[in-house]
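Below is coords.pdb, which holds PDB, C-alpha atoms and all ligand atoms.
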```
ATOM      1  CA  MET A 399     118.555 108.219  73.108
ATOM      2  CA  HIS A 400     118.265 108.458  76.872
ATOM      3  CA  THR A 401     121.081 108.787  79.347
ATOM      4  CA  VAL A 402     121.647 108.395  83.061
ATOM      5  CA  GLY A 403     121.602 112.203  83.150
ATOM      6  CA  SER A 404     118.281 112.650  81.333
ATOM      7  CA  ILE A 405     116.530 110.027  83.464
ATOM      8  CA  SER A 406     117.995 111.624  86.610
ATOM      9  CA  GLU A 407     116.615 114.998  85.483
ATOM     10  CA  PHE A 408     113.156 113.488  85.073
ATOM     11  CA  LEU A 409     113.338 111.913  88.543
ATOM     12  CA  GLU A 410     114.549 115.190  90.073
ATOM     13  CA  ALA A 411     111.517 116.957  88.606
ATOM     14  CA  TYR A 412     109.181 114.172  89.772
ATOM     15  CA  ALA A 413     110.611 113.998  93.324
ATOM     16  CA  PRO A 414     112.583 117.224  93.918
ATOM     17  CA  PRO A 415     115.711 116.402  95.983
ATOM     18  CA  SER A 416     115.162 119.592  98.016
ATOM     19  CA  LEU A 417     112.190 117.771  99.615
ATOM     20  CA  ALA A 418     114.457 115.075 101.071
ATOM     21  CA  GLU A 419     115.171 115.006 104.798
ATOM     22  CA  ASP A 420     118.470 116.586 105.890
ATOM     23  CA  TRP A 421     119.957 113.222 106.931
ATOM     24  CA  ASP A 422     119.123 111.593 103.620
ATOM     25  CA  ASN A 423     121.263 110.864 100.566
ATOM     26  CA  VAL A 424     119.232 111.218  97.379
ATOM     27  CA  GLY A 425     119.714 111.747  93.660
ATOM     28  CA  LEU A 426     122.235 110.161  91.318
ATOM     29  CA  LEU A 427     124.576 108.322  93.714
ATOM     30  CA  VAL A 428     126.620 106.199  91.312
ATOM     31  CA  GLY A 429     127.201 106.532  87.590
ATOM     32  CA  ASP A 430     128.158 108.557  84.555
ATOM     33  CA  PRO A 431     125.422 111.029  83.516
ATOM     34  CA  GLY A 432     126.544 110.688  79.882
ATOM     35  CA  GLN A 433     126.078 106.912  79.738
ATOM     36  CA  THR A 434     123.239 105.742  77.507
ATOM     37  CA  VAL A 435     120.418 103.743  79.075
ATOM     38  CA  GLN A 436     118.149 101.111  77.583
ATOM     39  CA  ARG A 437     117.119  99.102  80.629
ATOM     40  CA  VAL A 438     116.002 100.450  84.010
ATOM     41  CA  MET A 439     114.991  98.481  87.095
ATOM     42  CA  THR A 440     113.288  99.934  90.167
ATOM     43  CA  CYS A 441     113.509  98.298  93.579
ATOM     44  CA  LEU A 442     112.880  99.112  97.217
ATOM     45  CA  THR A 443     116.422  98.192  98.292
ATOM     46  CA  ILE A 444     119.589  97.008  96.594
ATOM     47  CA  THR A 445     120.180  93.502  97.951
ATOM     48  CA  PRO A 446     122.297  90.607  96.622
ATOM     49  CA  GLU A 447     119.116  89.373  94.900
ATOM     50  CA  SER A 448     118.202  92.658  93.219
ATOM     51  CA  ALA A 449     121.856  93.355  92.282
ATOM     52  CA  ASP A 450     122.198  89.883  90.693
ATOM     53  CA  GLU A 451     118.964  90.464  88.814
ATOM     54  CA  ALA A 452     120.201  93.819  87.490
ATOM     55  CA  ILE A 453     123.443  92.310  86.223
ATOM     56  CA  ALA A 454     121.779  89.209  84.737
ATOM     57  CA  ASP A 455     119.146  91.284  82.938
ATOM     58  CA  GLY A 456     121.513  93.888  81.490
ATOM     59  CA  VAL A 457     120.228  96.827  83.540
ATOM     60  CA  ASN A 458     122.002 100.158  82.937
ATOM     61  CA  MET A 459     120.362 102.065  85.789
ATOM     62  CA  ILE A 460     118.740 101.058  89.076
ATOM     63  CA  VAL A 461     116.251 103.376  90.725
ATOM     64  CA  THR A 462     116.248 102.207  94.335
ATOM     65  CA  HIS A 463     114.014 103.772  96.965
ATOM     66  CA  HIS A 464     116.542 103.202  99.773
ATOM     67  CA  PRO A 465     119.907 104.855  98.993
ATOM     68  CA  LEU A 466     123.106 102.933  98.304
ATOM     69  CA  PRO A 467     125.526 104.255  99.370
ATOM     70  CA  PHE A 468     123.747 105.856 102.309
ATOM     71  CA  ARG A 469     126.570 106.714 104.713
ATOM     72  CA  PRO A 470     129.818 108.411 103.617
ATOM     73  CA  LEU A 471     132.360 105.845 102.403
ATOM     74  CA  ARG A 472     136.076 105.968 103.182
ATOM     75  CA  ARG A 473     136.842 102.874 101.177
ATOM     76  CA  LEU A 474     135.023 100.798  98.622
ATOM     77  CA  THR A 475     136.040  97.139  98.776
ATOM     78  CA  THR A 476     134.209  93.835  98.594
ATOM     79  CA  GLU A 477     134.965  93.271 102.275
ATOM     80  CA  SER A 478     131.754  94.978 103.393
ATOM     81  CA  HIS A 479     128.141  94.230 102.444
ATOM     82  CA  GLU A 480     127.632  97.690 100.914
ATOM     83  CA  GLY A 481     131.021  97.641  99.215
ATOM     84  CA  ARG A 482     130.344  94.244  97.635
ATOM     85  CA  LEU A 483     127.044  95.415  96.160
ATOM     86  CA  LEU A 484     128.528  98.690  94.925
ATOM     87  CA  TRP A 485     131.569  96.983  93.399
ATOM     88  CA  GLN A 486     129.365  94.437  91.637
ATOM     89  CA  LEU A 487     127.079  97.104  90.163
ATOM     90  CA  MET A 488     129.869  99.498  89.222
ATOM     91  CA  SER A 489     131.820  96.655  87.578
ATOM     92  CA  GLY A 490     128.675  95.891  85.572
ATOM     93  CA  GLY A 491     128.259  99.547  84.551
ATOM     94  CA  VAL A 492     125.013  99.992  86.494
ATOM     95  CA  ALA A 493     124.152 103.526  87.638
ATOM     96  CA  ILE A 494     122.222 104.030  90.900
ATOM     97  CA  TYR A 495     119.624 106.730  91.564
ATOM     98  CA  SER A 496     117.703 107.023  94.848
ATOM     99  CA  PRO A 497     114.731 109.400  95.393
ATOM    100  CA  HIS A 498     113.997 108.107  98.961
ATOM    101  CA  THR A 499     112.428 110.745 101.243
ATOM    102  CA  ALA A 500     111.913 113.087  98.282
ATOM    103  CA  PHE A 501     109.672 110.349  96.834
ATOM    104  CA  ASP A 502     107.908 109.920 100.207
ATOM    105  CA  SER A 503     107.030 113.610 100.249
ATOM    106  CA  CYS A 504     106.525 114.769  96.633
ATOM    107  CA  ARG A 505     103.261 115.646  94.899
ATOM    108  CA  ARG A 506     102.633 112.142  93.540
ATOM    109  CA  GLY A 507     104.771 110.473  96.183
ATOM    110  CA  ILE A 508     104.286 107.442  98.386
ATOM    111  CA  ASN A 509     102.368 109.180 101.155
ATOM    112  CA  ARG A 510      99.996 110.864  98.738
ATOM    113  CA  GLN A 511      99.370 107.469  97.141
ATOM    114  CA  LEU A 512      98.713 105.871 100.541
ATOM    115  CA  ALA A 513      96.262 108.665 101.373
ATOM    116  CA  GLU A 514      94.452 108.070  98.084
ATOM    117  CA  GLY A 515      94.530 104.312  98.677
ATOM    118  CA  ILE A 516      92.297 104.758 101.736
ATOM    119  CA  ALA A 517      90.222 107.512 100.099
ATOM    120  CA  LEU A 518      91.267 110.359 102.396
ATOM    121  CA  ARG A 519      89.812 113.763 101.474
ATOM    122  CA  ASP A 520      91.233 117.227 102.001
ATOM    123  CA  VAL A 521      94.781 115.834 102.117
ATOM    124  CA  HIS A 522      97.683 117.978 103.382
ATOM    125  CA  PRO A 523     101.281 117.271 104.429
ATOM    126  CA  LEU A 524     101.754 116.466 108.116
ATOM    127  CA  VAL A 525     105.023 118.401 108.039
ATOM    128  CA  PRO A 526     104.758 120.975 105.217
ATOM    129  CA  VAL A 527     107.919 122.202 103.483
ATOM    130  CA  GLU A 528     109.391 124.838 105.742
ATOM    131  CA  ASN A 529     110.277 127.574 103.341
ATOM    132  CA  GLU A 530     109.045 127.308  99.798
ATOM    133  CA  SER A 531     111.390 129.919  98.438
ATOM    134  CA  ASN A 532     114.418 128.051  99.805
ATOM    135  CA  ASN A 533     113.323 124.829  98.263
ATOM    136  CA  GLY A 534     113.247 125.821  94.629
ATOM    137  CA  ALA A 535     110.487 126.514  92.141
ATOM    138  CA  ASP A 536     109.486 122.864  91.899
ATOM    139  CA  VAL A 537     108.374 122.615  95.539
ATOM    140  CA  ASP A 538     105.125 123.955  97.015
ATOM    141  CA  VAL A 539     102.916 123.589 100.078
ATOM    142  CA  THR A 540     101.123 120.523  98.684
ATOM    143  CA  MET A 541     104.340 118.617  99.422
ATOM    144  CA  GLY A 542     106.092 117.638 102.621
ATOM    145  CA  GLY A 543     106.477 114.849 105.152
ATOM    146  CA  GLY A 544     103.551 112.449 105.629
ATOM    147  CA  ARG A 545      99.944 113.342 104.856
ATOM    148  CA  HIS A 546      96.747 113.742 106.832
ATOM    149  CA  GLY A 547      93.152 113.939 105.768
ATOM    150  CA  THR A 548      89.564 113.055 106.521
ATOM    151  CA  LEU A 549      87.494 109.985 105.713
ATOM    152  CA  ASP A 550      84.132 110.624 104.054
ATOM    153  CA  ALA A 551      82.356 108.923 106.945
ATOM    154  CA  PRO A 552      83.566 107.472 110.253
ATOM    155  CA  LEU A 553      85.223 104.105 109.701
ATOM    156  CA  GLU A 554      86.153 101.497 112.299
ATOM    157  CA  LEU A 555      89.862 100.854 112.787
ATOM    158  CA  ALA A 556      89.370  97.253 111.617
ATOM    159  CA  ALA A 557      87.638  98.421 108.432
ATOM    160  CA  LEU A 558      90.412 100.925 107.724
ATOM    161  CA  ALA A 559      92.923  98.099 108.192
ATOM    162  CA  GLY A 560      90.874  96.050 105.719
ATOM    163  CA  ARG A 561      90.972  98.893 103.205
ATOM    164  CA  LEU A 562      94.760  99.051 103.498
ATOM    165  CA  LYS A 563      95.159  95.286 103.188
ATOM    166  CA  ALA A 564      93.125  95.357  99.987
ATOM    167  CA  PHE A 565      95.035  98.352  98.586
ATOM    168  CA  LEU A 566      98.453  96.841  99.334
ATOM    169  CA  ALA A 567      97.458  93.205  98.692
ATOM    170  CA  VAL A 568      98.748  92.020 102.071
ATOM    171  CA  ASP A 569      97.192  89.472 104.451
ATOM    172  CA  ARG A 570      97.999  91.051 107.785
ATOM    173  CA  VAL A 571      98.777  94.336 109.489
ATOM    174  CA  GLN A 572      99.372  95.172 113.150
ATOM    175  CA  LEU A 573      97.034  97.389 115.176
ATOM    176  CA  VAL A 574      97.331  99.526 118.269
ATOM    177  CA  GLY A 575      93.862 100.499 119.450
ATOM    178  CA  GLU A 576      90.387  99.058 119.735
ATOM    179  CA  PRO A 577      89.403  97.510 116.354
ATOM    180  CA  THR A 578      85.819  98.787 116.665
ATOM    181  CA  ARG A 579      86.877 102.376 117.299
ATOM    182  CA  ALA A 580      85.434 104.775 114.711
ATOM    183  CA  LEU A 581      87.928 107.072 112.989
ATOM    184  CA  ARG A 582      87.550 110.153 110.856
ATOM    185  CA  ARG A 583      90.911 111.941 110.793
ATOM    186  CA  VAL A 584      93.851 109.822 109.672
ATOM    187  CA  ALA A 585      97.578 110.403 109.087
ATOM    188  CA  VAL A 586      99.839 108.342 106.829
ATOM    189  CA  ALA A 587     103.645 108.167 106.774
ATOM    190  CA  CYS A 588     105.416 105.354 104.943
ATOM    191  CA  GLY A 589     108.445 103.408 106.145
ATOM    192  CA  SER A 590     109.748 103.726 109.665
ATOM    193  CA  ALA A 591     107.877 106.825 110.769
ATOM    194  CA  GLY A 592     107.510 106.956 114.542
ATOM    195  CA  THR A 593     108.697 110.561 114.391
ATOM    196  CA  PHE A 594     105.390 111.413 112.678
ATOM    197  CA  LEU A 595     103.331 110.465 115.756
ATOM    198  CA  GLN A 596     103.627 113.921 117.333
ATOM    199  CA  PRO A 597     102.770 115.796 114.104
ATOM    200  CA  ALA A 598      99.788 113.419 113.685
ATOM    201  CA  ILE A 599      98.602 114.242 117.217
ATOM    202  CA  ALA A 600      99.132 117.963 116.562
ATOM    203  CA  ALA A 601      97.031 117.690 113.395
ATOM    204  CA  GLY A 602      94.175 116.187 115.439
ATOM    205  CA  CYS A 603      94.443 112.734 113.848
ATOM    206  CA  GLU A 604      92.836 109.729 115.518
ATOM    207  CA  ALA A 605      95.068 107.213 113.735
ATOM    208  CA  LEU A 606      98.502 107.012 112.132
ATOM    209  CA  VAL A 607      99.159 104.543 109.323
ATOM    210  CA  THR A 608     102.836 103.713 108.903
ATOM    211  CA  GLY A 609     105.239 100.909 108.087
ATOM    212  CA  GLU A 610     106.812 100.281 111.469
ATOM    213  CA  VAL A 611     107.463 101.981 114.816
ATOM    214  CA  SER A 612     109.209 100.931 118.022
ATOM    215  CA  PHE A 613     107.374  99.243 120.903
ATOM    216  CA  HIS A 614     107.764 102.419 122.942
ATOM    217  CA  THR A 615     106.154 104.477 120.200
ATOM    218  CA  CYS A 616     103.231 102.029 120.306
ATOM    219  CA  LEU A 617     102.866 102.732 124.034
ATOM    220  CA  GLU A 618     103.144 106.460 123.413
ATOM    221  CA  ALA A 619     100.381 106.295 120.782
ATOM    222  CA  GLN A 620      98.172 104.229 123.093
ATOM    223  CA  ALA A 621      98.652 106.731 125.919
ATOM    224  CA  ALA A 622      97.800 109.597 123.554
ATOM    225  CA  GLY A 623      94.654 107.792 122.355
ATOM    226  CA  VAL A 624      95.908 107.549 118.764
ATOM    227  CA  ALA A 625      95.405 104.270 116.926
ATOM    228  CA  LEU A 626      98.237 102.821 114.846
ATOM    229  CA  ILE A 627      98.091 100.626 111.776
ATOM    230  CA  LEU A 628     101.510  99.114 111.088
ATOM    231  CA  LEU A 629     101.737  97.843 107.532
ATOM    232  CA  GLY A 630     105.328  96.593 107.681
ATOM    233  CA  HIS A 631     108.122  98.709 106.210
ATOM    234  CA  TYR A 632     108.242  96.713 102.962
ATOM    235  CA  ALA A 633     104.500  96.782 102.302
ATOM    236  CA  SER A 634     104.239 100.483 103.089
ATOM    237  CA  GLU A 635     106.658 101.417 100.274
ATOM    238  CA  ARG A 636     107.143  98.551  97.822
ATOM    239  CA  PHE A 637     103.866  99.185  95.931
ATOM    240  CA  ALA A 638     105.091 102.669  95.023
ATOM    241  CA  VAL A 639     108.353 101.313  93.606
ATOM    242  CA  ALA A 640     106.264  99.226  91.203
ATOM    243  CA  GLY A 641     104.259 102.359  90.397
ATOM    244  CA  LEU A 642     107.444 104.322  89.757
ATOM    245  CA  ALA A 643     108.459 101.760  87.122
ATOM    246  CA  ASP A 644     105.141 102.483  85.370
ATOM    247  CA  VAL A 645     105.756 106.237  85.572
ATOM    248  CA  LEU A 646     109.198 105.822  83.990
ATOM    249  CA  ALA A 647     107.884 103.456  81.322
ATOM    250  CA  GLU A 648     105.261 106.022  80.355
ATOM    251  CA  ALA A 649     107.745 108.917  80.307
ATOM    252  CA  PHE A 650     110.377 106.927  78.375
ATOM    253  CA  PRO A 651     108.498 104.508  76.082
ATOM    254  CA  GLU A 652     111.717 103.488  74.321
ATOM    255  CA  LEU A 653     113.145 102.069  77.533
ATOM    256  CA  SER A 654     112.624  98.663  79.056
ATOM    257  CA  VAL A 655     111.540  99.393  82.647
ATOM    258  CA  TRP A 656     110.407  97.001  85.364
ATOM    259  CA  ALA A 657     110.264  96.678  89.144
ATOM    260  CA  SER A 658     112.616  94.027  90.551
ATOM    261  CA  ARG A 659     111.042  90.592  90.242
ATOM    262  CA  HIS A 660     113.391  89.019  92.770
ATOM    263  CA  GLU A 661     113.431  91.276  95.808
ATOM    264  CA  GLN A 662     111.354  90.068  98.701
ATOM    265  CA  ASN A 663     110.319  91.170 102.147
ATOM    266  CA  PRO A 664     112.966  89.747 104.508
ATOM    267  CA  LEU A 665     110.345  89.614 107.290
ATOM    268  CA  GLN A 666     108.051  86.602 107.157
ATOM    269  CA  TRP A 667     104.937  85.790 109.170
ATOM    270  CA  TYR A 668     105.407  82.378 110.770
TER     271      TYR A 668
HETATM  272 ZN    ZN A 701     111.846 102.824 103.666
END
```
Reformat the file's structure so that it appears as structure tokens.
Amino acid sequence: MHTVGSISEFLEAYAPPSLAEDWDNVGLLVGDPGQTVQRVMTCLTITPESADEAIADGVNMIVTHHPLPFRPLRRLTTESHEGRLLWQLMSGGVAIYSPHTAFDSCRRGINRQLAEGIALRDVHPLVPVENESNNGADVDVTMGGGRHGTLDAPLELAALAGRLKAFLAVDRVQLVGEPTRALRRVAVACGSAGTFLQPAIAAGCEALVTGEVSFHTCLEAQAAGVALILLGHYASERFAVAGLADVLAEAFPELSVWASRHEQNPLQWY
């Protein structure tokens, strides 16, 4: 028999919460650790669609990449978007766990997977964990924010974009930089990761692969001579949420585990 608590413990070992950014809100956010669990759904974000799906399909625990709640709450009513979702899930007895930036940065986390998806070698964190001893026994220098590494042979920016499109099964990405430019040293940082531009420059990277950055960060990268590949926030992380469902299914074969079948990227190409 598995419980909210035992699944949370597994997730804490997989993506140690001490790796999360200071501003983040990770771990078991809603629920009773003693409650038994038979059905688990992973998703990138809790939305009306993914919450409805969880209720309709009898889910006991949602593992959502993006935390809900994220900010401190002073009241919990159905009069706000967050409150409505939380009330609906709590009324349905659904626990919520979010690994978020701990999952970005952990040993088998999103950024490591992105680095492997483009066959980077000699991969290290862009921002290594500051003090191993303060972070607990489950954290070491192979973990941290973003990753950087080296391609086996120089690859044109356009070809690297093609590699990412194939890995993530997406049709389009956005580029900053000359498509024919050859690259060797590449950084990856999922989600909205403009803050990783400076660490990427400091690590001698010629390109940064991320989900999204601001227009001004694009200009900053261009001025610094660093190419950008912008995958879209959703595409840069959603694949790993599907992978996390597989990890949980393997660790807990008695459970029914799946990645949300209803959540979609709110951004559409038109
Ligand atoms: Zn994100």
Which distance in Å separates CA of Gly490 (chain A) and CA of Ile453 (chain A), to one decimal?
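Here the two named atoms are 6.4 Å from each other.
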(request) Set the cut-off to 10 Å, count only C-alpha atoms and all ligand atoms, and list whatever residues fall near ligand ZN 701 (chain A) as a list of chain:residue names. (result)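 Checking only C-alpha atoms and all ligand atoms against ligand ZN 701 (chain A) at 10 Å gives A:Leu442, A:Thr443, A:His463, A:His464, A:Pro465, A:His498, A:Thr499, A:Asp502, A:Cys588, A:Gly589, A:Ser590, A:Ala591, A:Gly609, A:Glu610, A:Gly630, A:His631, A:Tyr632, A:Ala633, A:Ser634, A:Glu635, A:Arg636.
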Notebook entry, point to check: Nearest to Glu554 (chain A) among A:Val584, A:Leu484, A:Ile494, A:Ala411, with distances taken over all atoms listed in the file: which residue is it?
Noted result: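 Answer, going by the shortest atom-to-atom distance: A:Val584.
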Q. Which protein, DNA or RNA residues have an atom at most 10 Å from (127.1, 92.1, 95.8), counting only C-alpha atoms? List them as a count of residues only.
A. 18
*Check what the PyMOL selection byres (((chain A and resi 424) around 6) and not hetatm) selects in the file above and give those residues as a list in words.*
Asn423, Gly425, Ser496 and Pro497 of chain A
Next, write the just-selected residues to a file, as a compact mmCIF listing (two decimals), in the frame of the given file, keeping C-alpha atoms as the atom set.
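Output (again-v4.txt):
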```txt
# COMPACT_ATOMS: atom_id res chain seq x y z
CA ASN A 423 121.26 110.86 100.57
CA GLY A 425 119.71 111.75 93.66
CA SER A 496 117.70 107.02 94.85
CA PRO A 497 114.73 109.40 95.39
```
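Computed from the coordinates, the CA of Met488 (chain A) to CA of Gln662 (chain A) distance equals 22.8 Å.
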**OP:** Report the distance between CA of Phe408 (chain A) and CA of Leu646 (chain A) in Å, rounded to one decimal place.
**Re:**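 Computing the Euclidean distance for CA of Phe408 (chain A) and CA of Leu646 (chain A) yields 8.7 Å.
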Best match for closeness to Glu407 (chain A) among A:Pro526, A:Pro664, A:Leu617, A:Ala649, counting only C-alpha atoms
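Looking at the shortest contact to Glu407 (chain A), the residue is A:Ala649.
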Next item on the list: List the residues selected by the PyMOL selection byres (((chain A and resi 521) around 9) and not hetatm) in the file shown, writing them as a PyMOL selection string.
Entry: chain A and resi 510+513-514+518-520+522-523+540+545-548
Using only C-alpha atoms, the shortest atom-to-atom distance to Ser503 (chain A) among A:Val525, A:Ala551, A:Val624, A:Ala640 belongs to A:Val525
Problem set entry | Residues within 8 Å of Tyr412 (chain A), all atoms listed in the file, excluding chain neighbours under 4 positions, as a list in words |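 Counting only the stated atoms, we get Phe408, Cys504, Arg505 and Arg506 of chain A.
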Hey, what comes out of the PyMOL selection byres (((chain A and resi 567-574) around 7) and not hetatm) on this file? Could you write it as a compact mmCIF listing (two decimals) with C-alpha atoms, in the frame of the given file?
```
# COMPACT_ATOMS: atom_id res chain seq x y z
CA LYS A 563 95.16 95.29 103.19
CA ALA A 564 93.12 95.36 99.99
CA PHE A 565 95.04 98.35 98.59
CA LEU A 566 98.45 96.84 99.33
CA GLY A 575 93.86 100.50 119.45
CA CYS A 616 103.23 102.03 120.31
CA GLN A 620 98.17 104.23 123.09
CA ALA A 625 95.40 104.27 116.93
CA LEU A 626 98.24 102.82 114.85
CA ILE A 627 98.09 100.63 111.78
CA LEU A 628 101.51 99.11 111.09
CA LEU A 629 101.74 97.84 107.53
```
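Remark: for Ala413 (chain A), the closest of the candidate residues A:Asp538, A:Glu477, A:Glu528, A:Glu648 is A:Asp538 (distances computed over only C-alpha atoms).
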Using all atoms listed in the file, the shortest atom-to-atom distance to Arg469 (chain A) among A:Ala585, A:Leu427, A:Glu451, A:Phe501 belongs to A:Leu427
The residue from A:Gly592, A:Gly544, A:Gly623, A:Pro577 with the smallest atom-to-atom distance to Leu558 (chain A), counting all atoms listed in the file, is A:Pro577
### Message
Residues near Ala601 (chain A), anyone? I mean within 9 Å using all atoms listed in the file, not counting same-chain ones fewer than 2 positions away, as a VMD selection string.
### Response
chain A and resid 524 546 583 585 596 to 599 603
Give the padded box for region 643-656 of chain A as AutoDock Vina command-line options: axis-aligned, covering all atoms listed in the file, 8 Å on each side, centre and edge lengths in Å to one decimal.
```
--center_x 109.1 --center_y 103.0 --center_z 80.7 --size_x 24.0 --size_y 27.9 --size_z 28.8
```
So that I can see what lies close to region 436-439 of chain A, please list as a short mmCIF file (atom, residue, chain, number, x, y, z; two decimals) with C-alpha atoms, in the frame of the given file the residues with an atom at most 12 Å from it, counting all atoms listed in the file and leaving out residues fewer than 4 positions away in the same chain.
```cif
data_model
loop_
_atom_site.label_atom_id
_atom_site.label_comp_id
_atom_site.auth_asym_id
_atom_site.auth_seq_id
_atom_site.Cartn_x
_atom_site.Cartn_y
_atom_site.Cartn_z
CA MET A 399 118.56 108.22 73.11
CA HIS A 400 118.26 108.46 76.87
CA THR A 401 121.08 108.79 79.35
CA VAL A 402 121.65 108.40 83.06
CA ILE A 405 116.53 110.03 83.46
CA SER A 406 118.00 111.62 86.61
CA THR A 443 116.42 98.19 98.29
CA ILE A 444 119.59 97.01 96.59
CA SER A 448 118.20 92.66 93.22
CA ALA A 449 121.86 93.36 92.28
CA ASP A 450 122.20 89.88 90.69
CA GLU A 451 118.96 90.46 88.81
CA ALA A 452 120.20 93.82 87.49
CA ILE A 453 123.44 92.31 86.22
CA ALA A 454 121.78 89.21 84.74
CA ASP A 455 119.15 91.28 82.94
CA GLY A 456 121.51 93.89 81.49
CA VAL A 457 120.23 96.83 83.54
CA ASN A 458 122.00 100.16 82.94
CA MET A 459 120.36 102.06 85.79
CA ILE A 460 118.74 101.06 89.08
CA VAL A 461 116.25 103.38 90.72
CA THR A 462 116.25 102.21 94.34
CA HIS A 463 114.01 103.77 96.96
CA GLY A 491 128.26 99.55 84.55
CA VAL A 492 125.01 99.99 86.49
CA ALA A 493 124.15 103.53 87.64
CA ILE A 494 122.22 104.03 90.90
CA TYR A 495 119.62 106.73 91.56
CA SER A 496 117.70 107.02 94.85
CA VAL A 639 108.35 101.31 93.61
CA ALA A 640 106.26 99.23 91.20
CA GLY A 641 104.26 102.36 90.40
CA LEU A 642 107.44 104.32 89.76
CA ALA A 643 108.46 101.76 87.12
CA ASP A 644 105.14 102.48 85.37
CA VAL A 645 105.76 106.24 85.57
CA LEU A 646 109.20 105.82 83.99
CA ALA A 647 107.88 103.46 81.32
CA PHE A 650 110.38 106.93 78.38
CA PRO A 651 108.50 104.51 76.08
CA GLU A 652 111.72 103.49 74.32
CA LEU A 653 113.14 102.07 77.53
CA SER A 654 112.62 98.66 79.06
CA VAL A 655 111.54 99.39 82.65
CA TRP A 656 110.41 97.00 85.36
CA ALA A 657 110.26 96.68 89.14
CA SER A 658 112.62 94.03 90.55
CA ARG A 659 111.04 90.59 90.24
CA HIS A 660 113.39 89.02 92.77
CA GLU A 661 113.43 91.28 95.81
#
```
